[in-house]
Every structure is written in C-alpha cells, then in structure tokens.
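Trainee: Contents are mmCIF, C-alpha atoms; file name target.cif:
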```
data_start
#
loop_
_atom_site.group_PDB
_atom_site.id
_atom_site.type_symbol
_atom_site.label_atom_id
_atom_site.label_comp_id
_atom_site.auth_asym_id
_atom_site.auth_seq_id
_atom_site.Cartn_x
_atom_site.Cartn_y
_atom_site.Cartn_z
ATOM 1 C CA SER A 1 9.536 74.024 -94.777
ATOM 2 C CA ILE A 2 6.967 75.319 -97.235
ATOM 3 C CA PHE A 3 5.614 77.600 -94.504
ATOM 4 C CA ASP A 4 9.012 79.227 -94.075
ATOM 5 C CA GLN A 5 9.314 79.731 -97.831
ATOM 6 C CA LEU A 6 5.921 81.437 -98.092
ATOM 7 C CA GLU A 7 5.762 83.406 -94.850
ATOM 8 C CA ASP A 8 5.825 87.185 -95.185
ATOM 9 C CA THR A 9 5.382 87.130 -98.969
ATOM 10 C CA ASN A 10 2.700 89.028 -100.833
ATOM 11 C CA ALA A 11 -0.060 87.090 -102.611
ATOM 12 C CA SER A 12 1.434 87.198 -106.117
ATOM 13 C CA ASP A 13 4.899 86.058 -104.943
ATOM 14 C CA CYS A 14 3.287 83.339 -102.823
ATOM 15 C CA LEU A 15 1.310 81.992 -105.796
ATOM 16 C CA GLU A 16 4.373 82.109 -108.034
ATOM 17 C CA LYS A 17 6.383 80.053 -105.521
ATOM 18 C CA LEU A 18 3.545 77.523 -105.170
ATOM 19 C CA VAL A 19 3.343 77.084 -108.943
ATOM 20 C CA ASP A 20 7.105 76.524 -109.087
ATOM 21 C CA LEU A 21 6.900 73.973 -106.259
ATOM 22 C CA SER A 22 4.016 72.132 -107.925
ATOM 23 C CA LYS A 23 6.149 71.657 -111.073
ATOM 24 C CA MET A 24 8.569 69.569 -108.992
ATOM 25 C CA ASN A 25 5.815 67.018 -108.273
ATOM 26 C CA PRO A 26 5.288 64.584 -111.174
ATOM 27 C CA LEU A 27 1.751 63.877 -109.922
ATOM 28 C CA SER A 28 0.822 67.510 -110.560
ATOM 29 C CA GLN A 29 1.129 66.801 -114.307
ATOM 30 C CA ALA A 30 -1.274 63.824 -114.154
ATOM 31 C CA PRO A 31 -4.963 64.234 -114.984
ATOM 32 C CA LEU A 32 -6.975 65.089 -111.873
ATOM 33 C CA ASN A 33 -8.838 61.768 -111.911
ATOM 34 C CA GLN A 34 -5.480 59.930 -111.598
ATOM 35 C CA ALA A 35 -4.015 62.100 -108.857
ATOM 36 C CA PRO A 36 -4.218 60.780 -105.290
ATOM 37 C CA LEU A 37 -6.927 62.208 -103.078
ATOM 38 C CA ASN A 38 -5.949 64.354 -100.142
ATOM 39 C CA GLN A 39 -7.166 63.834 -96.603
ATOM 40 C CA ALA A 40 -7.225 66.299 -93.755
ATOM 41 C CA PHE A 41 -7.878 66.378 -90.057
ATOM 42 C CA VAL A 42 -9.806 69.573 -89.396
ATOM 43 C CA PHE A 43 -10.279 70.971 -85.917
ATOM 44 C CA ILE A 44 -12.000 73.984 -84.448
ATOM 45 C CA LYS A 45 -9.973 75.968 -81.955
ATOM 46 C CA PRO A 46 -11.305 75.619 -78.378
ATOM 47 C CA HIS A 47 -12.499 79.210 -77.999
ATOM 48 C CA ALA A 48 -14.661 78.831 -81.124
ATOM 49 C CA VAL A 49 -16.365 75.485 -80.448
ATOM 50 C CA THR A 50 -20.081 76.231 -80.601
ATOM 51 C CA ASP A 51 -22.903 74.485 -82.435
ATOM 52 C CA GLU A 52 -23.067 77.436 -84.828
ATOM 53 C CA VAL A 53 -19.362 77.281 -85.701
ATOM 54 C CA LYS A 54 -19.478 73.491 -86.124
ATOM 55 C CA ALA A 55 -22.431 73.844 -88.505
ATOM 56 C CA LEU A 56 -20.697 76.654 -90.409
ATOM 57 C CA ALA A 57 -17.470 74.638 -90.797
ATOM 58 C CA LYS A 58 -19.363 71.562 -91.964
ATOM 59 C CA ALA A 59 -21.455 73.517 -94.471
ATOM 60 C CA GLY A 60 -18.400 75.353 -95.801
ATOM 61 C CA LEU A 61 -16.489 72.127 -96.377
ATOM 62 C CA GLN A 62 -19.445 70.420 -98.009
ATOM 63 C CA GLU A 63 -20.077 73.429 -100.276
ATOM 64 C CA LYS A 64 -16.563 72.928 -101.649
ATOM 65 C CA GLY A 65 -17.283 69.250 -102.371
ATOM 66 C CA ILE A 66 -15.289 67.957 -99.433
ATOM 67 C CA LYS A 67 -16.551 64.661 -98.059
ATOM 68 C CA ILE A 68 -16.633 64.474 -94.260
ATOM 69 C CA LEU A 69 -15.756 60.958 -93.125
ATOM 70 C CA ALA A 70 -16.203 61.399 -89.366
ATOM 71 C CA GLU A 71 -16.914 63.988 -86.693
ATOM 72 C CA GLY A 72 -16.179 63.921 -82.994
ATOM 73 C CA SER A 73 -14.505 65.438 -79.969
ATOM 74 C CA ILE A 74 -11.125 64.777 -78.410
ATOM 75 C CA ASP A 75 -10.631 65.558 -74.721
ATOM 76 C CA GLY A 76 -7.742 67.662 -73.448
ATOM 77 C CA GLU A 77 -6.000 64.741 -71.762
ATOM 78 C CA THR A 78 -5.854 62.802 -75.045
ATOM 79 C CA ILE A 79 -4.665 65.886 -76.926
ATOM 80 C CA ASP A 80 -1.929 66.335 -74.314
ATOM 81 C CA LYS A 81 -0.772 62.700 -74.101
ATOM 82 C CA SER A 82 -0.835 62.199 -77.880
ATOM 83 C CA GLN A 83 0.881 65.558 -78.435
ATOM 84 C CA LEU A 84 -1.694 66.370 -81.124
ATOM 85 C CA ILE A 85 -1.175 70.123 -80.870
ATOM 86 C CA ASP A 86 2.596 69.695 -80.781
ATOM 87 C CA LYS A 87 2.384 67.677 -83.992
ATOM 88 C CA HIS A 88 -0.064 70.068 -85.670
ATOM 89 C CA TYR A 89 2.028 73.132 -84.812
ATOM 90 C CA PHE A 90 5.288 71.208 -85.198
ATOM 91 C CA SER A 91 7.355 74.103 -86.523
ATOM 92 C CA ILE A 92 6.518 76.138 -83.420
ATOM 93 C CA ALA A 93 6.278 73.276 -80.920
ATOM 94 C CA SER A 94 9.607 71.738 -81.874
ATOM 95 C CA LYS A 95 11.356 74.819 -80.504
ATOM 96 C CA ALA A 96 9.040 75.169 -77.484
ATOM 97 C CA THR A 97 8.615 71.614 -76.236
ATOM 98 C CA LEU A 98 10.315 68.942 -78.300
ATOM 99 C CA LEU A 99 13.922 70.088 -78.854
ATOM 100 C CA LYS A 100 16.520 71.429 -76.460
ATOM 101 C CA PRO A 101 18.171 74.767 -77.344
ATOM 102 C CA SER A 102 21.462 73.025 -78.160
ATOM 103 C CA GLU A 103 19.601 71.041 -80.843
ATOM 104 C CA LEU A 104 18.285 74.157 -82.591
ATOM 105 C CA ASN A 105 19.883 75.847 -85.564
ATOM 106 C CA VAL A 106 20.092 79.301 -83.989
ATOM 107 C CA PRO A 107 21.462 82.095 -86.201
ATOM 108 C CA ALA A 108 24.319 83.082 -83.870
ATOM 109 C CA ASP A 109 24.758 86.497 -85.481
ATOM 110 C CA LYS A 110 21.096 87.448 -84.908
ATOM 111 C CA PHE A 111 21.229 86.194 -81.318
ATOM 112 C CA GLN A 112 24.343 88.239 -80.536
ATOM 113 C CA SER A 113 22.999 91.308 -82.325
ATOM 114 C CA LYS A 114 19.798 91.230 -80.270
ATOM 115 C CA PHE A 115 21.126 90.248 -76.858
ATOM 116 C CA GLY A 116 24.778 91.374 -76.914
ATOM 117 C CA LEU A 117 25.925 87.888 -75.934
ATOM 118 C CA SER A 118 27.269 85.153 -78.183
ATOM 119 C CA TRP A 119 25.054 82.114 -78.706
ATOM 120 C CA GLU A 120 27.843 79.851 -77.428
ATOM 121 C CA ASP A 121 28.212 81.887 -74.214
ATOM 122 C CA ALA A 122 24.444 81.920 -73.697
ATOM 123 C CA LEU A 123 24.300 78.121 -73.994
ATOM 124 C CA ALA A 124 27.274 77.723 -71.658
ATOM 125 C CA SER A 125 25.562 79.935 -69.067
ATOM 126 C CA GLY A 126 22.825 77.334 -68.520
ATOM 127 C CA LYS A 127 20.188 80.073 -68.867
ATOM 128 C CA VAL A 128 18.726 79.025 -72.237
ATOM 129 C CA PHE A 129 15.575 76.883 -72.359
ATOM 130 C CA ASN A 130 12.771 75.711 -74.528
ATOM 131 C CA ALA A 131 9.405 76.882 -73.168
ATOM 132 C CA VAL A 132 8.492 73.728 -71.267
ATOM 133 C CA ASP A 133 11.891 73.487 -69.544
ATOM 134 C CA GLY A 134 11.860 77.240 -68.903
ATOM 135 C CA CYS A 135 8.575 76.900 -67.014
ATOM 136 C CA GLU A 136 10.012 74.087 -64.925
ATOM 137 C CA TYR A 137 13.272 75.947 -64.215
ATOM 138 C CA LEU A 138 11.439 79.127 -63.211
ATOM 139 C CA GLY A 139 8.739 77.270 -61.281
ATOM 140 C CA ILE A 140 5.926 78.883 -63.297
ATOM 141 C CA ASP A 141 2.996 77.726 -65.395
ATOM 142 C CA ALA A 142 1.958 78.537 -68.961
ATOM 143 C CA ASP A 143 -0.106 81.571 -67.959
ATOM 144 C CA VAL A 144 2.754 83.201 -66.027
ATOM 145 C CA LEU A 145 5.148 82.526 -68.900
ATOM 146 C CA ASP A 146 2.644 84.018 -71.347
ATOM 147 C CA LYS A 147 2.479 87.251 -69.326
ATOM 148 C CA ALA A 148 6.281 87.395 -69.041
ATOM 149 C CA TRP A 149 6.599 86.715 -72.779
ATOM 150 C CA ALA A 150 4.187 89.581 -73.502
ATOM 151 C CA ALA A 151 6.306 91.877 -71.320
ATOM 152 C CA SER A 152 9.442 90.763 -73.176
ATOM 153 C CA LYS A 153 7.719 91.489 -76.465
ATOM 154 C CA GLU A 154 6.597 94.916 -75.267
ATOM 155 C CA GLY A 155 10.145 95.656 -74.106
ATOM 156 C CA GLU A 156 11.510 94.498 -77.459
ATOM 157 C CA HIS A 157 13.475 91.652 -75.869
ATOM 158 C CA ILE A 158 12.422 89.086 -78.470
ATOM 159 C CA VAL A 159 14.151 88.170 -81.719
ATOM 160 C CA LYS A 160 12.579 86.369 -84.670
ATOM 161 C CA PHE A 161 14.925 83.901 -86.339
ATOM 162 C CA GLY A 162 12.399 82.633 -88.891
ATOM 163 C CA GLY A 163 8.844 81.410 -89.284
ATOM 164 C CA GLY A 164 7.632 80.185 -85.907
ATOM 165 C CA PHE A 165 11.104 80.554 -84.397
ATOM 166 C CA TYR A 166 11.543 83.158 -81.650
ATOM 167 C CA CYS A 167 13.760 83.677 -78.632
ATOM 168 C CA GLY A 168 13.013 86.040 -75.795
ATOM 169 C CA LEU A 169 14.847 87.290 -72.756
ATOM 170 C CA VAL A 170 12.255 86.515 -70.083
ATOM 171 C CA GLU A 171 12.240 88.096 -66.655
ATOM 172 C CA ILE A 172 10.338 86.785 -63.642
ATOM 173 C CA GLU A 173 10.456 88.805 -60.443
ATOM 174 C CA GLY A 174 13.000 87.401 -57.993
ATOM 175 C CA LYS A 175 14.705 85.213 -60.634
ATOM 176 C CA GLU A 176 17.622 85.680 -62.995
ATOM 177 C CA PRO A 177 16.529 86.498 -66.567
ATOM 178 C CA VAL A 178 16.609 83.524 -68.930
ATOM 179 C CA TYR A 179 16.404 83.021 -72.688
ATOM 180 C CA ILE A 180 13.351 81.034 -73.772
ATOM 181 C CA PHE A 181 12.376 79.776 -77.205
ATOM 182 C CA ASN A 182 8.763 80.214 -78.359
ATOM 183 C CA GLY A 183 7.520 81.143 -74.901
ATOM 184 C CA PHE A 184 4.072 81.981 -76.278
ATOM 185 C CA PHE A 185 3.413 78.350 -77.239
ATOM 186 C CA MET A 186 2.703 76.971 -73.765
ATOM 187 C CA ALA A 187 -0.364 79.186 -73.232
ATOM 188 C CA MET A 188 -1.596 78.474 -76.751
ATOM 189 C CA ARG A 189 -1.143 74.740 -76.171
ATOM 190 C CA SER A 190 -2.900 74.813 -72.801
ATOM 191 C CA LYS A 191 -6.070 76.134 -74.466
ATOM 192 C CA PHE A 192 -6.331 72.758 -76.181
ATOM 193 C CA THR A 193 -5.255 70.538 -73.294
ATOM 194 C CA LYS A 194 -7.150 71.986 -70.307
#
```
Would you mind giving the structure from this file in structure tokens?
Mentor:
Amino acid sequence: SIFDQLEDTNASDCLEKLVDLSKMNPLSQAPLNQAPLNQAFVFIKPHAVTDEVKALAKAGLQEKGIKILAEGSIDGETIDKSQLIDKHYFSIASKATLLKPSELNVPADKFQSKFGLSWEDALASGKVFNAVDGCEYLGIDADVLDKAWAASKEGEHIVKFGGGFYCGLVEIEGKEPVYIFNGFFMAMRSKFTK
C-alpha cells in the first residue's frame, strides 16, 4: 500500500516518492480543469466531537476551497454493523478482525526471531488469533485486551512486521499465553461503536 511505502520516511524522501508515484498516473499530466475531482468522507474521532471542533473542521476545509456536500452523525450501531471503522482503518483492521492468522503474510523469520518459535509451529499450536477471535478465545472484552496489549508492549513482547501489522504475545492471568495480531485495534474500534 502507499501507506506502507511512505511510513517511517522523512519529509523529503516522502515527497520524492509521492512525485514518482504521481508520474505513473496519466491523469496527473492533464490540466487541472480536466482532472477528476476527488471526494472524501471526513469524520471527527469520538473523543473530539464538540461544537467547537466541528466548527473548526468545517472552517478549515472551507478555507482550502473544499465544498462540503453534507454533514451528519452516524450512531455506533451503524458504524459497527457497516464495519465503517474496519474499512477506514483497513490495513490495521484486516489483521485484527477480518483475516485469520493463516491468511496473513507473516514474515516467518521476524516471528521466530522475536518469539523463539517458528511461525508454522505457532499456527499448529492453535494459540494464534486475530484480535476479535483472541478476545472470544480468552473470554475478554476490548478493554481487557487493550490492557494486556499494553503490558505486552511494555514487556517488549510485540513485533512489528510492517505498517499497521503487529503481533504480540498476550498474557491473561489464569490462561495460557496466546499470540494476537493488532490487539490494540479492538479498543480503538470500540471508541467508535459504543
């Protein structure tokens, strides 16, 4: 993805890559009045929804010449059922909720280096989960997983495979440790769906 190509690059390298990518698009060579218009769905994160922030966002967009076609609110149930956050944060959500671990392209060498266990053996153990299945298996909710994920991070039991792609060895008292992908996502998602 473009995100993966640009993540962790400094500003000048990022701009250079974007210019190179734009040269691949024949529409980028067309005069601006012939290029297609872009559209965006803009949302304000739940913790920031206030009248002041809404006014600031609207004014900022309009100052840049952006035409606002509609405004409104979407309730948590609709966000959940329509998987709007999962789609918006697809790169992260795909590993946390949408795909099973066996469907992921896990760098086996990084997994083994971090956890001392081969990726194949970990999968065969039945102790590898995406975040949603990990919660179900452990009998916990998003908040408990978030705290356990933070403890794993503090204990350096998390490996980053790429942009938005993490695996952690998660421990819950009284349960066997399990490997969970993108365990932080469930708490982030619940802020939008509750």
Trainee: Check what the PyMOL selection byres ((chain A and resi 182) around 8) selects in the file above and give those residues as a list in words.
Mentor: Ile92, Ala93, Lys95, Ala96, Asn130, Ala131, Gly164, Phe165, Tyr166, Cys167, Gly168, Ile180, Phe181, Gly183, Phe184 and Phe185 of chain A
Trainee: Include C-alpha atoms and write out the residues we just selected as a compact mmCIF listing (two decimals), in the coordinates of the input.
Mentor:
```
# COMPACT_ATOMS: atom_id res chain seq x y z
CA ILE A 92 6.52 76.14 -83.42
CA ALA A 93 6.28 73.28 -80.92
CA LYS A 95 11.36 74.82 -80.50
CA ALA A 96 9.04 75.17 -77.48
CA ASN A 130 12.77 75.71 -74.53
CA ALA A 131 9.40 76.88 -73.17
CA GLY A 164 7.63 80.18 -85.91
CA PHE A 165 11.10 80.55 -84.40
CA TYR A 166 11.54 83.16 -81.65
CA CYS A 167 13.76 83.68 -78.63
CA GLY A 168 13.01 86.04 -75.80
CA ILE A 180 13.35 81.03 -73.77
CA PHE A 181 12.38 79.78 -77.20
CA GLY A 183 7.52 81.14 -74.90
CA PHE A 184 4.07 81.98 -76.28
CA PHE A 185 3.41 78.35 -77.24
```
Trainee: Please evaluate the PyMOL selection byres ((chain A and resi 176) around 12) against the structure above and give the resulting residues as an MDAnalysis selection string.
Mentor: chainID A and resid 125:128 134 137:138 169:175 177:179
Trainee: Applying the PyMOL selection byres ((chain A and resi 106) around 12) to the file I just gave you, which residues come out? Please list them as a list in words.
Mentor: Lys95, Lys100, Pro101, Ser102, Glu103, Leu104, Asn105, Pro107, Ala108, Asp109, Lys110, Phe111, Gln112, Ser118, Trp119, Glu120, Ala122, Leu123, Val128, Val159, Lys160, Phe161, Gly162, Phe165, Tyr166, Cys167 and Phe181 of chain A
Trainee: With distances taken over all atoms listed in the file, which of A:Val42, A:Ala124, A:Ala187, A:Leu117 is nearest to A:Leu145?
Mentor: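 Looking only at the distances to A:Leu145, the closest residue turns out to be A:Ala187.
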Trainee: Would you kindly identify which residues have an atom no farther than 9 Å from (9.2, 90.0, -74.0), using all atoms listed in the file and the file's own coordinates, and write them out as a ChimeraX atom specification?
Mentor: /A:147-158,168-171
